[in-house]
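*Asks:* The structure that follows is given in the form of structure tokens.
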Amino acid sequence: VGLGFRWFEAPLYVAQGYAEFGVAPWGMQLGWRYALFGFSGHAMFTGIFGALLGLVFQTRRRWLRILAPIVGLALALGAHFWNNALPLLFALAGAAAGEPPPSGHEPPPDVGFLRAFVSGSLSELTTFLPFVVIMTLALWRSGVWERRVIREELAEEVGRTVSPDEYDQVVRDRALRTRRIARMHRRESAALVNAQHELAFRKRRVRDEGEDPEHDRLVAGWREEIRRLRAVA
């Protein structure tokens, strides 16, 4: 959602700059608004809420399931409020120092994309450092949880939907690594790995609901999908 907003927002401000001053500020607008590779601003705001919302599906604690989305929404709103309040704070600081208020009718500076990107990234990183840290920790924790669930739930699938060699890869899996099935085409390998992971997540979801995964139709469906993918490989 946030990235979609960014994709629409950047060209909108370029068009507004051209309509008002006769010059399209491509470099400044695209470089600044895609600072931190586009993962600041609204992408970060919605990402914070999404990360805390995802925690609902990762924990068995009822109080945390209730509190996590509320905290995520509060953090996202707080980050957006901080972003919108900064110009006002700078204006108030300037007025206190005796500086004249900005006219608001000056053309945007002629800044290239790279310069705007670097300066914008440093500014965004400094301004939103606490929120960047929160997102980094949330992503790290989510990755740890996912690998643990896959490792635990696929342990009993060895010889059934996962081969011993494949499970050895599961155990040795780490962050920023994608395991591949030996002697399979890249696309078919990715499909099989994804099906195995979906099977693991579904089994954990069923267990968390107090049910038996062996009686779940989606679990059976993912096992059948894994067998089908092996047959066509």
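All residue names refer to the structure tokens as shown: chains lettered A, B, ... in order, residues numbered from 1 in each chain, ligands numbered from 1 in order.
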Using only C-alpha atoms, which residues sit within 9 Å of range 17-30 of chain A once same-chain residues fewer than 2 positions away are excluded, as a PyMOL selection string?
*Replies:* chain A and resi 10-15+32-35+105-117
*Asks:* Which parts of range 5-192 of chain A does DSSP call alpha helix (DSSP H) when run on the backbone here, written out as JSON, numbers by chain?
*Replies:* {"A": [5, 6, 7, 8, 9, 10, 11, 12, 13, 14, 15, 16, 17, 18, 19, 20, 21, 26, 27, 28, 29, 30, 31, 32, 33, 42, 43, 44, 45, 46, 47, 48, 49, 50, 51, 52, 53, 54, 55, 62, 63, 64, 65, 66, 67, 68, 69, 70, 71, 72, 73, 74, 75, 76, 77, 78, 79, 80, 81, 82, 83, 84, 85, 86, 87, 88, 89, 90, 91, 92, 93, 94, 95, 96, 113, 114, 115, 116, 117, 118, 119, 120, 121, 122, 123, 124, 125, 126, 127, 129, 130, 131, 132, 133, 134, 135, 136, 137, 138, 139, 140, 141, 142, 143, 144, 145, 146, 147, 148, 149, 150, 151, 152, 153, 154, 164, 165, 166, 167, 168, 169, 170, 171, 186, 187, 188, 189, 190, 191, 192]}
*Asks:* Just want the 12 Å neighbourhood of range 74-79 of chain A, counted on only C-alpha atoms, with same-chain residues fewer than 3 positions away dropped. Output as a VMD selection string.
*Replies:* chain A and resid 2 40 to 53 67 to 71 82 to 86 124 127 to 132 134 to 135
*Asks:* From the options A:Val149, A:Val232, A:Leu176, A:Val170, which residue's atoms come nearest to Glu188 in chain A, counting only C-alpha atoms?
*Replies:* A:Val232
*Asks:* One number please: CA of Ala190 in chain A to CA of Arg204 in chain A, in Å, one decimal.
*Replies:*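 About the pair CA of Ala190 in chain A and CA of Arg204 in chain A: they are 21.3 Å apart.
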*Asks:* Which of these, A:Trp145, A:Phe57, A:Phe81, A:Trp140, has the shortest distance to Asp208 in chain A once you count only C-alpha atoms?
*Replies:*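 Result for the nearest residue to Asp208 in chain A: A:Phe57.
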*Asks:* Take CA of Val171 in chain A and CA of Arg141 in chain A and report the distance between them in Å, one decimal.
*Replies:* 17.4 Å
*Asks:* Any idea what's packed within 12 Å of Ala191 in chain A, counting only C-alpha atoms, ignoring anything in its chain fewer than 5 positions away? Could you give it as a list of chain:residue names?
*Replies:*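 With the cut-off at 12 Å, the set is A:Arg179, A:Arg180, A:Ile181, A:Met184, A:His185, A:Arg186, A:Gln196, A:His197, A:Glu198, A:Trp222, A:Glu225, A:Ile226, A:Arg227, A:Arg228, A:Leu229, A:Arg230, A:Val232, A:Ala233.
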*Asks:* For Arg207 in chain A, please output as a list in words all residues within 12 Å (counting only C-alpha atoms; exclusion window: fewer than 5 positions along the same chain).
*Replies:*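 Once the adjacent positions are removed, what remains is Arg60, Val149, Glu153, Ala200, Phe201, Arg202, Asp212, Pro213, Glu214, His215, Asp216 and Val219 of chain A.
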